[in-house]
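Trainee: Input structure: target38.pdb, which contains PDB, C-alpha atoms.
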```pdb
ATOM      1  CA  MET A   5     -35.626  -9.480  16.639
ATOM      2  CA  ASP A   6     -35.653 -10.984  13.132
ATOM      3  CA  ASP A   7     -33.598 -13.991  11.963
ATOM      4  CA  PHE A   8     -31.169 -11.907   9.950
ATOM      5  CA  THR A   9     -30.256  -9.768  12.973
ATOM      6  CA  ILE A  10     -29.787 -12.878  15.127
ATOM      7  CA  GLY A  11     -27.437 -14.363  12.524
ATOM      8  CA  PHE A  12     -25.569 -11.077  12.243
ATOM      9  CA  LEU A  13     -25.075 -10.971  16.022
ATOM     10  CA  VAL A  14     -24.017 -14.645  16.108
ATOM     11  CA  GLY A  15     -21.391 -13.981  13.420
ATOM     12  CA  LEU A  16     -20.198 -10.857  15.192
ATOM     13  CA  ALA A  17     -19.945 -12.712  18.512
ATOM     14  CA  ALA A  18     -17.897 -15.491  16.883
ATOM     15  CA  VAL A  19     -15.491 -12.933  15.407
ATOM     16  CA  LEU A  20     -15.122 -11.161  18.767
ATOM     17  CA  VAL A  21     -14.465 -14.466  20.574
ATOM     18  CA  ILE A  22     -11.719 -15.365  18.057
ATOM     19  CA  ALA A  23     -10.185 -11.872  18.430
ATOM     20  CA  ALA A  24     -10.286 -12.159  22.245
ATOM     21  CA  ILE A  25      -8.582 -15.581  22.169
ATOM     22  CA  ILE A  26      -5.814 -14.229  19.897
ATOM     23  CA  LYS A  27      -5.337 -11.210  22.171
ATOM     24  CA  LEU A  28      -5.222 -13.281  25.380
ATOM     25  CA  ARG A  29      -2.777 -15.789  23.908
ATOM     26  CA  SER A  30      -0.447 -13.050  22.671
ATOM     27  CA  ARG A  31      -0.231 -11.517  26.190
ATOM     28  CA  LYS A  32       1.752 -14.514  27.406
ATOM     29  CA  GLY A  33       4.115 -14.473  24.429
ATOM     30  CA  PRO A  34       7.183 -12.483  23.331
ATOM     31  CA  THR A  35       7.903  -8.997  24.609
ATOM     32  CA  THR A  36       9.761  -7.025  21.923
ATOM     33  CA  VAL A  37       8.000  -5.621  18.874
ATOM     34  CA  ALA A  38      10.095  -7.767  16.484
ATOM     35  CA  GLU A  39       9.448 -10.974  18.444
ATOM     36  CA  LYS A  40       5.753 -10.248  18.694
ATOM     37  CA  ALA A  41       5.501  -9.481  14.959
ATOM     38  CA  GLU A  42       7.330 -12.711  14.138
ATOM     39  CA  ASP A  43       5.095 -14.702  16.461
ATOM     40  CA  LEU A  44       1.874 -13.207  15.074
ATOM     41  CA  SER A  45       3.063 -13.648  11.501
ATOM     42  CA  LYS A  46       3.705 -17.352  12.110
ATOM     43  CA  ARG A  47       0.374 -17.715  13.858
ATOM     44  CA  ARG A  48      -1.416 -16.085  10.929
ATOM     45  CA  ALA A  49       0.280 -18.488   8.506
ATOM     46  CA  ARG A  50      -1.078 -21.386  10.568
ATOM     47  CA  MET A  51      -4.547 -19.843  10.992
ATOM     48  CA  LEU A  52      -5.254 -18.939   7.363
ATOM     49  CA  PRO A  53      -5.900 -22.483   6.052
ATOM     50  CA  ALA A  54      -8.131 -23.178   9.068
ATOM     51  CA  LEU A  55     -10.086 -19.975   8.440
ATOM     52  CA  ALA A  56     -10.498 -20.898   4.781
ATOM     53  CA  LEU A  57     -11.823 -24.332   5.778
ATOM     54  CA  ILE A  58     -14.261 -22.863   8.313
ATOM     55  CA  PHE A  59     -15.421 -20.372   5.709
ATOM     56  CA  LEU A  60     -15.904 -23.050   3.053
ATOM     57  CA  SER A  61     -17.621 -25.434   5.466
ATOM     58  CA  GLN A  62     -20.306 -22.776   6.028
ATOM     59  CA  GLN A  63     -21.195 -23.035   2.358
ATOM     60  CA  GLY A  64     -22.280 -26.660   2.712
ATOM     61  CA  ALA A  65     -24.991 -25.499   5.084
ATOM     62  CA  TYR A  66     -26.041 -22.772   2.677
ATOM     63  CA  LEU A  67     -26.193 -24.950  -0.424
ATOM     64  CA  SER A  68     -28.069 -27.816   1.257
ATOM     65  CA  HIS A  69     -31.718 -26.818   1.506
ATOM     66  CA  ALA A  70     -32.434 -29.269   4.330
ATOM     67  CA  SER A  71     -32.593 -26.817   7.231
ATOM     68  CA  SER A  72     -35.480 -24.495   8.062
ATOM     69  CA  ASN A  73     -35.827 -20.926   6.796
ATOM     70  CA  THR A  74     -34.886 -19.528  10.186
ATOM     71  CA  ALA A  75     -31.690 -21.564  10.384
ATOM     72  CA  GLN A  76     -30.837 -20.633   6.781
ATOM     73  CA  THR A  77     -31.259 -16.923   7.440
ATOM     74  CA  ILE A  78     -29.080 -17.089  10.557
ATOM     75  CA  LYS A  79     -26.357 -18.980   8.686
ATOM     76  CA  ILE A  80     -26.423 -16.576   5.747
ATOM     77  CA  SER A  81     -26.112 -13.474   7.914
ATOM     78  CA  ALA A  82     -23.319 -15.114   9.946
ATOM     79  CA  TRP A  83     -21.587 -15.914   6.638
ATOM     80  CA  LEU A  84     -21.917 -12.266   5.613
ATOM     81  CA  VAL A  85     -20.209 -11.086   8.817
ATOM     82  CA  LEU A  86     -17.360 -13.562   8.398
ATOM     83  CA  SER A  87     -16.985 -12.554   4.726
ATOM     84  CA  VAL A  88     -16.669  -8.876   5.631
ATOM     85  CA  VAL A  89     -14.122  -9.639   8.357
ATOM     86  CA  LEU A  90     -12.053 -11.821   6.004
ATOM     87  CA  ILE A  91     -12.138  -9.205   3.228
ATOM     88  CA  ALA A  92     -11.026  -6.584   5.770
ATOM     89  CA  ALA A  93      -8.190  -8.885   6.914
ATOM     90  CA  LEU A  94      -7.114  -9.353   3.299
ATOM     91  CA  ALA A  95      -7.325  -5.665   2.444
ATOM     92  CA  THR A  96      -5.731  -4.201   5.582
ATOM     93  CA  LYS A  97      -2.812  -5.015   7.882
ATOM     94  CA  GLY A  98      -5.068  -7.103  10.125
ATOM     95  CA  PHE A  99      -4.412  -7.630  13.863
ATOM     96  CA  TRP A 100      -6.510  -4.561  14.607
ATOM     97  CA  PHE A 101      -6.123  -4.892  18.387
ATOM     98  CA  GLU A 102      -2.322  -4.867  18.328
ATOM     99  CA  PRO A 103      -0.127  -1.740  18.735
ATOM    100  CA  LYS A 104       0.651   0.212  15.555
ATOM    101  CA  ALA A 105       4.374  -0.627  15.660
ATOM    102  CA  VAL A 106       3.609  -4.354  15.650
ATOM    103  CA  ARG A 107       1.006  -4.000  12.889
ATOM    104  CA  ASP A 108       3.413  -1.984  10.720
ATOM    105  CA  LEU A 109       6.170  -4.552  11.139
ATOM    106  CA  ILE A 110       3.887  -7.521  10.418
ATOM    107  CA  ASP A 111       2.780  -5.839   7.202
ATOM    108  CA  ASP A 112       6.308  -5.555   5.809
ATOM    109  CA  GLU A 113       7.346  -5.722   2.171
ATOM    110  CA  ASN A 114       7.155  -9.488   1.749
ATOM    111  CA  THR A 115       3.771  -9.726   3.476
ATOM    112  CA  ARG A 116       2.340  -6.958   1.288
ATOM    113  CA  ALA A 117       3.618  -8.736  -1.825
ATOM    114  CA  ASN A 118       2.054 -12.017  -0.671
ATOM    115  CA  ARG A 119      -1.205 -10.278   0.207
ATOM    116  CA  ASN A 120      -1.371  -8.540  -3.183
ATOM    117  CA  ASP A 121      -0.664 -11.817  -4.959
ATOM    118  CA  ALA A 122      -3.449 -13.515  -2.982
ATOM    119  CA  MET A 123      -5.940 -10.719  -3.698
ATOM    120  CA  ARG A 124      -5.064 -10.854  -7.393
ATOM    121  CA  LEU A 125      -5.875 -14.567  -7.478
ATOM    122  CA  GLY A 126      -9.059 -13.972  -5.471
ATOM    123  CA  PHE A 127     -10.169 -11.369  -8.019
ATOM    124  CA  LEU A 128      -9.444 -13.683 -10.964
ATOM    125  CA  VAL A 129     -11.316 -16.583  -9.350
ATOM    126  CA  SER A 130     -14.288 -14.288  -8.622
ATOM    127  CA  MET A 131     -14.343 -13.162 -12.254
ATOM    128  CA  ALA A 132     -14.113 -16.766 -13.476
ATOM    129  CA  ALA A 133     -17.013 -17.685 -11.176
ATOM    130  CA  ALA A 134     -19.037 -14.718 -12.462
ATOM    131  CA  ILE A 135     -18.430 -15.778 -16.078
ATOM    132  CA  GLY A 136     -19.406 -19.368 -15.213
ATOM    133  CA  ILE A 137     -22.625 -18.200 -13.560
ATOM    134  CA  TYR A 138     -23.384 -15.929 -16.518
ATOM    135  CA  PHE A 139     -23.296 -18.947 -18.828
ATOM    136  CA  MET A 140     -25.265 -21.103 -16.388
ATOM    137  CA  THR A 141     -28.108 -18.593 -16.268
ATOM    138  CA  MET A 142     -28.602 -19.105 -20.012
ATOM    139  CA  PHE A 143     -29.906 -22.574 -19.206
ATOM    140  CA  ASP A 144     -31.175 -22.262 -15.650
ATOM    141  CA  ASN A 145     -32.488 -19.479 -13.432
ATOM    142  CA  MET A 146     -30.344 -18.440 -10.501
ATOM    143  CA  LYS A 147     -31.206 -15.936  -7.807
ATOM    144  CA  ALA A 148     -29.005 -12.867  -7.491
ATOM    145  CA  ARG A 149     -28.250 -13.715  -3.859
ATOM    146  CA  GLU A 150     -27.089 -17.224  -4.764
ATOM    147  CA  SER A 151     -24.841 -15.870  -7.507
ATOM    148  CA  ILE A 152     -23.264 -13.280  -5.223
ATOM    149  CA  HIS A 153     -22.790 -15.912  -2.544
ATOM    150  CA  ILE A 154     -20.901 -18.231  -4.906
ATOM    151  CA  ILE A 155     -18.754 -15.449  -6.417
ATOM    152  CA  MET A 156     -17.767 -14.046  -3.005
ATOM    153  CA  THR A 157     -17.136 -17.439  -1.452
ATOM    154  CA  LEU A 158     -14.869 -18.692  -4.219
ATOM    155  CA  GLY A 159     -12.961 -15.398  -4.449
ATOM    156  CA  ILE A 160     -12.373 -15.049  -0.707
ATOM    157  CA  ALA A 161     -11.479 -18.725  -0.216
ATOM    158  CA  ALA A 162      -9.024 -18.678  -3.138
ATOM    159  CA  ALA A 163      -7.351 -15.535  -1.794
ATOM    160  CA  LEU A 164      -7.098 -16.983   1.723
ATOM    161  CA  LEU A 165      -5.622 -20.277   0.524
ATOM    162  CA  ARG A 166      -3.112 -18.538  -1.745
ATOM    163  CA  TRP A 167      -2.036 -16.208   1.062
ATOM    164  CA  ALA A 168      -1.722 -19.153   3.430
ATOM    165  CA  TYR A 169       0.468 -21.002   0.919
ATOM    166  CA  LEU A 170       2.751 -17.994   0.336
ATOM    167  CA  GLU A 171       3.111 -17.162   4.029
ATOM    168  CA  ARG A 172       3.845 -20.759   5.007
ATOM    169  CA  ARG A 173       6.424 -21.052   2.243
ATOM    170  CA  ALA A 174       8.105 -17.837   3.415
ATOM    171  CA  HIS A 175       8.349 -19.148   6.982
ATOM    172  CA  ARG A 176       9.284 -22.697   5.953
ATOM    173  CA  ASP A 177      12.398 -21.615   4.085
ATOM    174  CA  ALA A 178      13.918 -20.397   7.352
TER     175      ALA A 178
ATOM    176  CA  MET B  20      14.881 -17.567 -19.403
ATOM    177  CA  PRO B  21      13.991 -14.666 -17.053
ATOM    178  CA  ASP B  22      16.676 -12.769 -15.155
ATOM    179  CA  ARG B  23      17.132 -13.745 -11.524
ATOM    180  CA  LEU B  24      18.345 -11.454  -8.762
ATOM    181  CA  ALA B  25      21.113 -13.308  -6.944
ATOM    182  CA  ASN B  26      22.646 -12.115  -3.692
ATOM    183  CA  ARG B  27      25.345 -12.792  -1.129
ATOM    184  CA  LEU B  28      23.177 -11.791   1.789
ATOM    185  CA  LYS B  29      23.633 -14.983   3.790
ATOM    186  CA  GLU B  30      27.392 -15.070   3.238
ATOM    187  CA  ARG B  31      27.871 -11.446   4.333
ATOM    188  CA  ARG B  32      25.434 -11.753   7.261
ATOM    189  CA  THR B  33      27.316 -14.802   8.541
ATOM    190  CA  GLU B  34      30.647 -12.977   8.147
ATOM    191  CA  LEU B  35      29.342 -10.224  10.413
ATOM    192  CA  GLY B  36      27.939 -12.740  12.892
ATOM    193  CA  LEU B  37      24.361 -11.551  12.499
ATOM    194  CA  THR B  38      21.254 -13.699  12.708
ATOM    195  CA  GLN B  39      18.348 -13.224  10.305
ATOM    196  CA  ALA B  40      16.344 -11.725  13.158
ATOM    197  CA  GLU B  41      19.077  -9.205  14.016
ATOM    198  CA  LEU B  42      19.438  -8.108  10.397
ATOM    199  CA  ALA B  43      15.666  -7.889  10.062
ATOM    200  CA  GLU B  44      15.481  -5.615  13.092
ATOM    201  CA  LYS B  45      18.222  -3.360  11.668
ATOM    202  CA  VAL B  46      16.314  -2.787   8.425
ATOM    203  CA  GLY B  47      12.803  -2.753   9.934
ATOM    204  CA  VAL B  48      11.291  -5.890   8.449
ATOM    205  CA  THR B  49      10.387  -9.321   9.808
ATOM    206  CA  ARG B  50      12.815 -12.240   9.739
ATOM    207  CA  LYS B  51      10.561 -13.867   7.152
ATOM    208  CA  THR B  52      11.362 -11.128   4.633
ATOM    209  CA  VAL B  53      15.132 -11.462   5.155
ATOM    210  CA  ASN B  54      14.743 -15.224   4.803
ATOM    211  CA  THR B  55      12.840 -14.994   1.510
ATOM    212  CA  VAL B  56      15.327 -12.482   0.063
ATOM    213  CA  GLU B  57      18.247 -14.718   1.072
ATOM    214  CA  ASN B  58      16.629 -17.711  -0.599
ATOM    215  CA  GLY B  59      15.768 -15.812  -3.771
ATOM    216  CA  VAL B  60      12.045 -16.412  -3.213
ATOM    217  CA  PHE B  61      11.319 -12.695  -2.946
ATOM    218  CA  THR B  62      12.810  -9.805  -4.945
ATOM    219  CA  PRO B  63      13.176  -6.813  -2.627
ATOM    220  CA  SER B  64      12.300  -3.241  -3.578
ATOM    221  CA  ALA B  65      15.104  -0.765  -4.268
ATOM    222  CA  THR B  66      14.474   0.774  -0.840
ATOM    223  CA  LEU B  67      14.906  -2.515   0.989
ATOM    224  CA  ALA B  68      17.923  -3.483  -1.134
ATOM    225  CA  ILE B  69      19.662  -0.216  -0.190
ATOM    226  CA  LYS B  70      18.783  -0.668   3.495
ATOM    227  CA  LEU B  71      20.135  -4.223   3.460
ATOM    228  CA  ALA B  72      23.340  -3.135   1.724
ATOM    229  CA  GLN B  73      23.852  -0.315   4.228
ATOM    230  CA  ALA B  74      23.227  -2.608   7.186
ATOM    231  CA  LEU B  75      25.806  -5.062   5.844
ATOM    232  CA  GLY B  76      28.373  -2.390   4.950
ATOM    233  CA  LEU B  77      28.309  -3.047   1.199
ATOM    234  CA  THR B  78      27.034  -1.304  -1.905
ATOM    235  CA  VAL B  79      23.861  -2.628  -3.546
ATOM    236  CA  GLU B  80      25.915  -3.891  -6.512
ATOM    237  CA  GLN B  81      28.199  -5.838  -4.178
ATOM    238  CA  LEU B  82      25.230  -7.442  -2.458
ATOM    239  CA  PHE B  83      22.948  -8.091  -5.442
ATOM    240  CA  TRP B  84      23.571  -8.980  -9.068
ATOM    241  CA  ILE B  85      21.552 -10.293 -11.997
ATOM    242  CA  GLU B  86      21.952 -13.880 -13.142
ATOM    243  CA  SER B  87      20.636 -14.617 -16.616
TER     244      SER B  87
END
```
Reformat the file's structure so that it appears as structure tokens.
Mentor:
Amino acid sequence: MDDFTIGFLVGLAAVLVIAAIIKLRSRKGPTTVAEKAEDLSKRRARMLPALALIFLSQQGAYLSHASSNTAQTIKISAWLVLSVVLIAALATKGFWFEPKAVRDLIDDENTRANRNDAMRLGFLVSMAAAIGIYFMTMFDNMKARESIHIIMTLGIAAALLRWAYLERRAHRDA
Amino acid sequence: MPDRLANRLKERRTELGLTQAELAEKVGVTRKTVNTVENGVFTPSATLAIKLAQALGLTVEQLFWIES
């Protein structure tokens, strides 16, 4: 099994463990659809900044060239899995293991507006990063993979942080 | 200065003895959405505005108005 596959499986396992913890914790919680949606919505607002920090902290490992090639490859493929999962969470209703009624209620009008706002910022930050890299490559060579990594990381992290801010503000006003 | 959509959601909800959660359940949204509409943080769609007005026994114009 090559390093990339190992990293991919490590990332996938981490995502599944997080999903299992969320599912197990929610079994002990509220019973009605409205209560469950409220509970999950609050939990998401708390989780988003933590997810953004975990995601960003992975980049330190990528940008420092201290570790071996094997470790680098594993980290990069794990980063790719987490990126895909976070993009899917941003682009869909999320909470894929919850019943449809709960998922529909969580993704109500205000949440959709917040999500769209966050994705808009993520897109703008990605474009700004792409423009910055375009200028940088006039003076220094940069690998395509490195460029993509920076553009995706900044875009996803900006979107996550914006969404976290909007969701926390919406709950805080209560 | 941009127009602002003001409302008497909280006043009417309190008159009827409803909590944010109860109103939210009646119109099919989370309490967070009712909260943000009440506080003027979020401007609801026409659909949600009509649902809220119906749930509170008012017309949309009685519940929402524009403040310049």
Trainee: Using only C-alpha atoms, which residues sit within 10 Å of Glu30 of chain B once same-chain residues fewer than 5 positions away are excluded, as a list in words?
Mentor: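 So the residues in contact are Leu35, Gly36, Glu57 and Leu82 of chain B.
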Trainee: Generate a file of the selected residues that holds C-alpha atoms, formatted as a compact mmCIF listing (two decimals), keeping the file's coordinate frame.
Mentor:
```txt
# COMPACT_ATOMS: atom_id res chain seq x y z
CA LEU B 35 29.34 -10.22 10.41
CA GLY B 36 27.94 -12.74 12.89
CA GLU B 57 18.25 -14.72 1.07
CA LEU B 82 25.23 -7.44 -2.46
```
Trainee: Set the distance at 9 Å and use all atoms listed in the file: which residues neighbour Ala95 of chain A once local chain neighbours fewer than 5 positions away are removed? I'd like the list as a list of chain:residue names.
Mentor: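 That gives A:Leu90, A:Arg119, A:Asn120, A:Met123.
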Trainee: Generate a file of the selected residues that holds C-alpha atoms, formatted as a CSV table (one decimal), keeping the file's coordinate frame.
Mentor:
```
chain,number,residue,atom,x,y,z
A,90,LEU,CA,-12.1,-11.8,6.0
A,119,ARG,CA,-1.2,-10.3,0.2
A,120,ASN,CA,-1.4,-8.5,-3.2
A,123,MET,CA,-5.9,-10.7,-3.7
```
Trainee: I'd like to see the residues matched by the ChimeraX specification (/B :<6) & /A on this file, and ideally I'd get them as a list in words.
Mentor: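 So the ChimeraX specification (/B :<6) & /A, applied here, picks out Leu109, Asp112, Asn114, Ala174, His175 and Ala178 of chain A.
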Trainee: Kindly give the distance, in Å, that separates atom CA of Val106 of chain A and atom CA of Ala41 of chain A, rounded to a single decimal.
Mentor: 5.5 Å
Trainee: How many Å separate atom CA of Arg124 of chain A from atom CA of Phe59 of chain A?
Mentor: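 Atom-to-atom, atom CA of Arg124 of chain A to atom CA of Phe59 of chain A, that is 19.2 Å.
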Trainee: Which centre and edge lengths in Å to one decimal define the box along x, y and z that fits every listed atom of segment 37-50 of chain B plus 3 Å per side, as AutoDock Vina command-line options?
Mentor:
```
--center_x 17.4 --center_y -8.2 --center_z 11.2 --size_x 20.0 --size_y 16.9 --size_z 11.6
```
Trainee: Hey, can you check how far atom CA of Arg172 of chain A sits from atom CA of Ala117 of chain A?
Mentor: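 Atom CA of Arg172 of chain A sits 13.8 Å away from atom CA of Ala117 of chain A.
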